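Asks: Hey, dropping coords_24.pdb in here, PDB, C-alpha atoms and all ligand atoms:
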ATOM      1  CA  MET A   1     -53.364  31.972  29.026  1.00  0.00           C
ATOM      2  CA  LYS A   2     -53.144  34.010  25.824  1.00  0.00           C
ATOM      3  CA  CYS A   3     -53.262  32.168  22.493  1.00  0.00           C
ATOM      4  CA  LEU A   4     -50.112  32.860  20.439  1.00  0.00           C
ATOM      5  CA  ASP A   5     -51.961  32.210  17.187  1.00  0.00           C
ATOM      6  CA  CYS A   6     -55.079  34.377  17.416  1.00  0.00           C
ATOM      7  CA  GLY A   7     -54.451  36.391  20.599  1.00  0.00           C
ATOM      8  CA  THR A   8     -57.590  35.258  22.405  1.00  0.00           C
ATOM      9  CA  GLU A   9     -57.392  35.261  26.206  1.00  0.00           C
ATOM     10  CA  ASN A  10     -58.286  31.789  27.459  1.00  0.00           C
ATOM     11  CA  LYS A  11     -59.310  31.426  31.096  1.00  0.00           C
ATOM     12  CA  GLY A  12     -58.174  28.568  33.262  1.00  0.00           C
ATOM     13  CA  ASN A  13     -55.870  25.690  32.477  1.00  0.00           C
ATOM     14  CA  ILE A  14     -57.358  24.456  29.197  1.00  0.00           C
ATOM     15  CA  ARG A  15     -55.513  22.525  26.517  1.00  0.00           C
ATOM     16  CA  TYR A  16     -56.961  24.111  23.380  1.00  0.00           C
ATOM     17  CA  CYS A  17     -57.811  27.686  22.393  1.00  0.00           C
ATOM     18  CA  ARG A  18     -61.562  28.244  22.527  1.00  0.00           C
ATOM     19  CA  LYS A  19     -61.525  30.408  19.390  1.00  0.00           C
ATOM     20  CA  CYS A  20     -59.081  28.794  16.922  1.00  0.00           C
ATOM     21  CA  GLY A  21     -58.549  25.399  18.573  1.00  0.00           C
ATOM     22  CA  LYS A  22     -54.758  25.636  18.713  1.00  0.00           C
ATOM     23  CA  ASP A  23     -52.989  23.328  21.152  1.00  0.00           C
ATOM     24  CA  LEU A  24     -51.867  25.585  24.019  1.00  0.00           C
ATOM     25  CA  THR A  25     -49.630  22.943  25.599  1.00  0.00           C
ATOM     26  CA  LEU A  26     -47.120  23.155  22.733  1.00  0.00           C
ATOM     27  CA  PRO A  27     -44.060  25.350  23.302  1.00  0.00           C
ATOM     28  CA  PRO A  28     -44.003  28.579  21.251  1.00  0.00           C
ATOM     29  CA  VAL A  29     -42.208  28.463  17.906  1.00  0.00           C
ATOM     30  CA  TRP A  30     -38.776  30.069  17.932  1.00  0.00           C
ATOM     31  CA  PHE A  31     -38.032  32.739  15.329  1.00  0.00           C
ATOM     32  CA  PRO A  32     -34.591  34.304  14.827  1.00  0.00           C
ATOM     33  CA  ASN A  33     -34.494  38.001  15.672  1.00  0.00           C
ATOM     34  CA  LEU A  34     -32.164  40.750  14.406  1.00  0.00           C
ATOM     35  CA  LYS A  35     -29.616  40.125  17.174  1.00  0.00           C
ATOM     36  CA  TRP A  36     -29.407  36.447  16.241  1.00  0.00           C
ATOM     37  CA  HIS A  37     -28.944  37.342  12.556  1.00  0.00           C
ATOM     38  CA  LEU A  38     -26.179  39.849  13.320  1.00  0.00           C
ATOM     39  CA  LYS A  39     -24.378  37.389  15.596  1.00  0.00           C
ATOM     40  CA  THR A  40     -24.588  34.561  13.060  1.00  0.00           C
ATOM     41  CA  LEU A  41     -23.455  36.749  10.158  1.00  0.00           C
ATOM     42  CA  ALA A  42     -20.563  38.105  12.237  1.00  0.00           C
ATOM     43  CA  ILE A  43     -19.410  34.565  13.038  1.00  0.00           C
ATOM     44  CA  ILE A  44     -19.656  33.553   9.362  1.00  0.00           C
ATOM     45  CA  TYR A  45     -17.686  36.602   8.180  1.00  0.00           C
ATOM     46  CA  ILE A  46     -14.988  36.182  10.855  1.00  0.00           C
ATOM     47  CA  VAL A  47     -14.543  32.514   9.893  1.00  0.00           C
ATOM     48  CA  LEU A  48     -14.329  33.425   6.198  1.00  0.00           C
ATOM     49  CA  ILE A  49     -11.756  36.175   6.845  1.00  0.00           C
ATOM     50  CA  ILE A  50      -9.622  33.845   8.987  1.00  0.00           C
ATOM     51  CA  PHE A  51      -9.915  31.142   6.291  1.00  0.00           C
ATOM     52  CA  TYR A  52      -8.904  33.610   3.542  1.00  0.00           C
ATOM     53  CA  PHE A  53      -5.771  34.792   5.351  1.00  0.00           C
ATOM     54  CA  SER A  54      -4.832  31.255   6.403  1.00  0.00           C
ATOM     55  CA  ILE A  55      -4.999  29.988   2.807  1.00  0.00           C
ATOM     56  CA  GLY A  56      -3.007  33.022   1.632  1.00  0.00           C
ATOM     57  CA  HIS A  57      -0.384  32.365   4.284  1.00  0.00           C
ATOM     58  CA  LEU A  58      -0.154  28.667   3.347  1.00  0.00           C
ATOM     59  CA  LEU A  59       0.099  29.423  -0.388  1.00  0.00           C
ATOM     60  CA  ARG A  60       3.044  31.769   0.225  1.00  0.00           C
ATOM     61  CA  LYS A  61       4.850  28.874   1.932  1.00  0.00           C
ATOM     62  CA  LEU A  62       4.729  26.683  -1.181  1.00  0.00           C
ATOM     63  CA  PRO A  63       8.051  26.062  -2.950  1.00  0.00           C
ATOM     64  CA  PRO A  64       8.818  27.991  -6.151  1.00  0.00           C
ATOM     65  CA  PRO A  65       7.572  28.440  -8.825  1.00  0.00           C
ATOM     66  CA  TYR A  66       4.086  28.034  -7.280  1.00  0.00           C
ATOM     67  CA  ASP A  67       4.572  31.061  -5.060  1.00  0.00           C
ATOM     68  CA  GLN A  68       5.417  33.320  -7.995  1.00  0.00           C
ATOM     69  CA  ARG A  69       2.869  35.576  -9.620  1.00  0.00           C
ATOM     70  CA  ILE A  70       4.951  35.997 -12.772  1.00  0.00           C
ATOM     71  CA  ILE A  71       5.517  32.666 -14.472  1.00  0.00           C
ATOM     72  CA  PRO A  72       8.850  32.432 -16.323  1.00  0.00           C
ATOM     73  CA  PRO A  73       8.503  32.183 -20.149  1.00  0.00           C
ATOM     74  CA  GLU A  74      10.533  28.942 -20.144  1.00  0.00           C
ATOM     75  CA  THR A  75       7.769  27.301 -18.122  1.00  0.00           C
ATOM     76  CA  THR A  76       5.004  28.277 -20.549  1.00  0.00           C
ATOM     77  CA  PRO A  77       6.541  28.552 -24.058  1.00  0.00           C
ATOM     78  CA  TRP A  78       3.098  28.229 -25.706  1.00  0.00           C
ATOM     79  CA  LEU A  79       2.197  31.650 -24.332  1.00  0.00           C
ATOM     80  CA  TYR A  80       5.097  33.295 -26.211  1.00  0.00           C
ATOM     81  CA  PRO A  81       5.130  31.730 -29.708  1.00  0.00           C
ATOM     82  CA  HIS A  82       6.888  34.725 -31.289  1.00  0.00           C
ATOM     83  CA  LYS A  83      10.002  34.140 -29.155  1.00  0.00           C
ATOM     84  CA  ASN A  84      10.516  30.564 -30.377  1.00  0.00           C
ATOM     85  CA  PRO A  85      11.651  30.238 -33.990  1.00  0.00           C
ATOM     86  CA  ALA A  86       9.734  27.668 -35.971  1.00  0.00           C
ATOM     87  CA  PRO A  87      11.760  24.486 -36.645  1.00  0.00           C
TER      88      PRO A  87
HETATM   89 ZN    ZN B 101     -56.331  30.869  19.358  1.00  0.00          ZN
END
Would you kindly transcribe this structure into structure tokens?
Replies:
Amino acid sequence: MKCLDCGTENKGNIRYCRKCGKDLTLPPVWFPNLKWHLKTLAIIYIVLIIFYFSIGHLLRKLPPPYDQRIIPPETTPWLYPHKNPAP
């Protein structure tokens, strides 16, 4: 059995590596590879894109004036002070 830590070949069915003393009965540590990263990132991006378009679709369904990009001046008179004569 080859030690995953130091690479020493250990003969027989021993529990610990004869060079570094690592426990050979433990399962090897899992590390994410490039394929795992690409798959995970693809899932994250697909979910974000679906979320973005769903929110956009829901916002367009809101009643006016919340669906309008141009807010009427009557709604926000403080933005146009020159149009209102001072009392
Ligand atoms: Zn070892």
Asks: Taking the file as I've supplied it (selection: the PyMOL selection byres (((chain A and resi 22-27) around 12) and not hetatm)), which residues are included? Please answer as a PyMOL selection string.
Replies: chain A and resi 1-21+28-30
Asks: Distance CA of Ile44 (chain A)-CA of Arg60 (chain A), one decimal place?
Replies: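 Computed distance, CA of Ile44 (chain A) to CA of Arg60 (chain A), equals 24.5 Å.
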Asks: What is the distance, in Å and to one decimal place, between CA of Arg69 (chain A) and CA of His57 (chain A)?
Replies: 14.6 Å
Asks: Report the distance between CA of Ile70 (chain A) and CA of Phe51 (chain A) in Å, rounded to one decimal place.
Replies: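 Distance reported for this atom pair: 24.7 Å.
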Asks: Quick one: region 38-84 of chain A from the block, N, CA and C atoms, as a compact mmCIF listing (two decimals), in the first residue's frame.
Replies:
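Below is the file result.txt, written as the result:
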# COMPACT_ATOMS: atom_id res chain seq x y z
N LEU A 38 -15.76 23.66 -12.71
CA LEU A 38 -16.53 24.12 -13.88
C LEU A 38 -18.00 23.79 -13.71
N LYS A 39 -18.30 22.60 -13.22
CA LYS A 39 -19.69 22.19 -13.02
C LYS A 39 -20.36 23.08 -11.98
N THR A 40 -19.69 23.32 -10.88
CA THR A 40 -20.26 24.14 -9.80
C THR A 40 -20.47 25.58 -10.27
N LEU A 41 -19.48 26.15 -10.95
CA LEU A 41 -19.62 27.52 -11.45
C LEU A 41 -20.74 27.61 -12.48
N ALA A 42 -20.87 26.60 -13.34
CA ALA A 42 -21.94 26.62 -14.33
C ALA A 42 -23.30 26.61 -13.65
N ILE A 43 -23.46 25.79 -12.62
CA ILE A 43 -24.73 25.74 -11.89
C ILE A 43 -25.01 27.09 -11.24
N ILE A 44 -24.00 27.70 -10.62
CA ILE A 44 -24.20 28.99 -9.96
C ILE A 44 -24.60 30.05 -10.98
N TYR A 45 -23.93 30.11 -12.13
CA TYR A 45 -24.25 31.12 -13.14
C TYR A 45 -25.64 30.89 -13.73
N ILE A 46 -26.02 29.64 -13.98
CA ILE A 46 -27.34 29.35 -14.54
C ILE A 46 -28.43 29.79 -13.56
N VAL A 47 -28.22 29.49 -12.26
CA VAL A 47 -29.20 29.91 -11.25
C VAL A 47 -29.30 31.42 -11.18
N LEU A 48 -28.16 32.11 -11.24
CA LEU A 48 -28.18 33.58 -11.19
C LEU A 48 -28.89 34.17 -12.41
N ILE A 49 -28.65 33.61 -13.60
CA ILE A 49 -29.28 34.12 -14.81
C ILE A 49 -30.79 33.90 -14.75
N ILE A 50 -31.21 32.71 -14.31
CA ILE A 50 -32.65 32.43 -14.17
C ILE A 50 -33.26 33.38 -13.14
N PHE A 51 -32.57 33.62 -12.03
CA PHE A 51 -33.06 34.52 -10.99
C PHE A 51 -33.19 35.94 -11.55
N TYR A 52 -32.20 36.40 -12.30
CA TYR A 52 -32.22 37.76 -12.86
C TYR A 52 -33.42 37.94 -13.79
N PHE A 53 -33.65 37.01 -14.70
CA PHE A 53 -34.76 37.16 -15.63
C PHE A 53 -36.11 36.98 -14.93
N SER A 54 -36.16 36.13 -13.91
CA SER A 54 -37.42 35.98 -13.16
C SER A 54 -37.78 37.25 -12.43
N ILE A 55 -36.82 37.90 -11.78
CA ILE A 55 -37.09 39.15 -11.07
C ILE A 55 -37.49 40.24 -12.06
N GLY A 56 -36.81 40.29 -13.21
CA GLY A 56 -37.17 41.27 -14.24
C GLY A 56 -38.59 41.06 -14.74
N HIS A 57 -38.95 39.79 -14.92
CA HIS A 57 -40.30 39.47 -15.39
C HIS A 57 -41.34 39.87 -14.34
N LEU A 58 -41.04 39.60 -13.06
CA LEU A 58 -41.99 39.93 -11.99
C LEU A 58 -42.11 41.44 -11.82
N LEU A 59 -41.01 42.18 -11.98
CA LEU A 59 -41.07 43.63 -11.81
C LEU A 59 -41.89 44.29 -12.92
N ARG A 60 -41.87 43.71 -14.12
CA ARG A 60 -42.67 44.26 -15.21
C ARG A 60 -44.16 44.04 -14.98
N LYS A 61 -44.51 43.10 -14.11
CA LYS A 61 -45.91 42.81 -13.83
C LYS A 61 -46.50 43.72 -12.76
N LEU A 62 -45.67 44.54 -12.12
CA LEU A 62 -46.15 45.42 -11.06
C LEU A 62 -47.06 46.50 -11.66
N PRO A 63 -48.04 46.99 -10.88
CA PRO A 63 -48.92 48.01 -11.41
C PRO A 63 -48.19 49.35 -11.55
N PRO A 64 -48.67 50.23 -12.43
CA PRO A 64 -48.02 51.53 -12.60
C PRO A 64 -48.16 52.35 -11.33
N PRO A 65 -47.29 53.26 -10.99
CA PRO A 65 -46.17 53.73 -11.81
C PRO A 65 -44.88 52.98 -11.55
N TYR A 66 -44.92 51.84 -10.80
CA TYR A 66 -43.68 51.16 -10.44
C TYR A 66 -43.03 50.47 -11.62
N ASP A 67 -43.78 50.24 -12.69
CA ASP A 67 -43.19 49.62 -13.86
C ASP A 67 -42.60 50.64 -14.83
N GLN A 68 -42.74 51.91 -14.51
CA GLN A 68 -42.26 52.95 -15.44
C GLN A 68 -40.82 53.33 -15.11
N ARG A 69 -40.06 53.55 -16.17
CA ARG A 69 -38.68 54.01 -15.98
C ARG A 69 -38.64 55.52 -15.85
N ILE A 70 -39.56 56.21 -16.49
CA ILE A 70 -39.61 57.67 -16.39
C ILE A 70 -40.71 58.02 -15.39
N ILE A 71 -40.31 58.64 -14.30
CA ILE A 71 -41.26 59.00 -13.26
C ILE A 71 -41.89 60.34 -13.63
N PRO A 72 -43.22 60.46 -13.58
CA PRO A 72 -43.86 61.73 -13.92
C PRO A 72 -43.43 62.84 -12.97
N PRO A 73 -43.30 64.07 -13.45
CA PRO A 73 -42.86 65.20 -12.59
C PRO A 73 -43.83 65.47 -11.45
N GLU A 74 -45.13 65.14 -11.64
CA GLU A 74 -46.09 65.37 -10.56
C GLU A 74 -45.79 64.49 -9.35
N THR A 75 -45.18 63.33 -9.61
CA THR A 75 -44.89 62.41 -8.52
C THR A 75 -43.71 62.90 -7.68
N THR A 76 -42.74 63.52 -8.35
CA THR A 76 -41.54 63.99 -7.65
C THR A 76 -41.33 65.48 -7.94
N PRO A 77 -42.13 66.36 -7.32
CA PRO A 77 -41.99 67.80 -7.61
C PRO A 77 -40.69 68.39 -7.08
N TRP A 78 -40.07 67.74 -6.07
CA TRP A 78 -38.81 68.27 -5.52
C TRP A 78 -37.64 68.14 -6.49
N LEU A 79 -37.82 67.30 -7.52
CA LEU A 79 -36.76 67.16 -8.52
C LEU A 79 -36.82 68.27 -9.57
N TYR A 80 -37.96 68.97 -9.65
CA TYR A 80 -38.12 70.03 -10.65
C TYR A 80 -38.55 71.32 -9.94
N PRO A 81 -37.69 71.95 -9.17
CA PRO A 81 -38.12 73.13 -8.40
C PRO A 81 -38.38 74.34 -9.29
N HIS A 82 -37.75 74.37 -10.47
CA HIS A 82 -37.93 75.56 -11.34
C HIS A 82 -39.33 75.58 -11.97
N LYS A 83 -40.03 74.44 -11.98
CA LYS A 83 -41.34 74.41 -12.62
C LYS A 83 -42.44 74.88 -11.66
N ASN A 84 -42.15 74.84 -10.36
CA ASN A 84 -43.16 75.24 -9.37
C ASN A 84 -42.85 76.66 -8.89
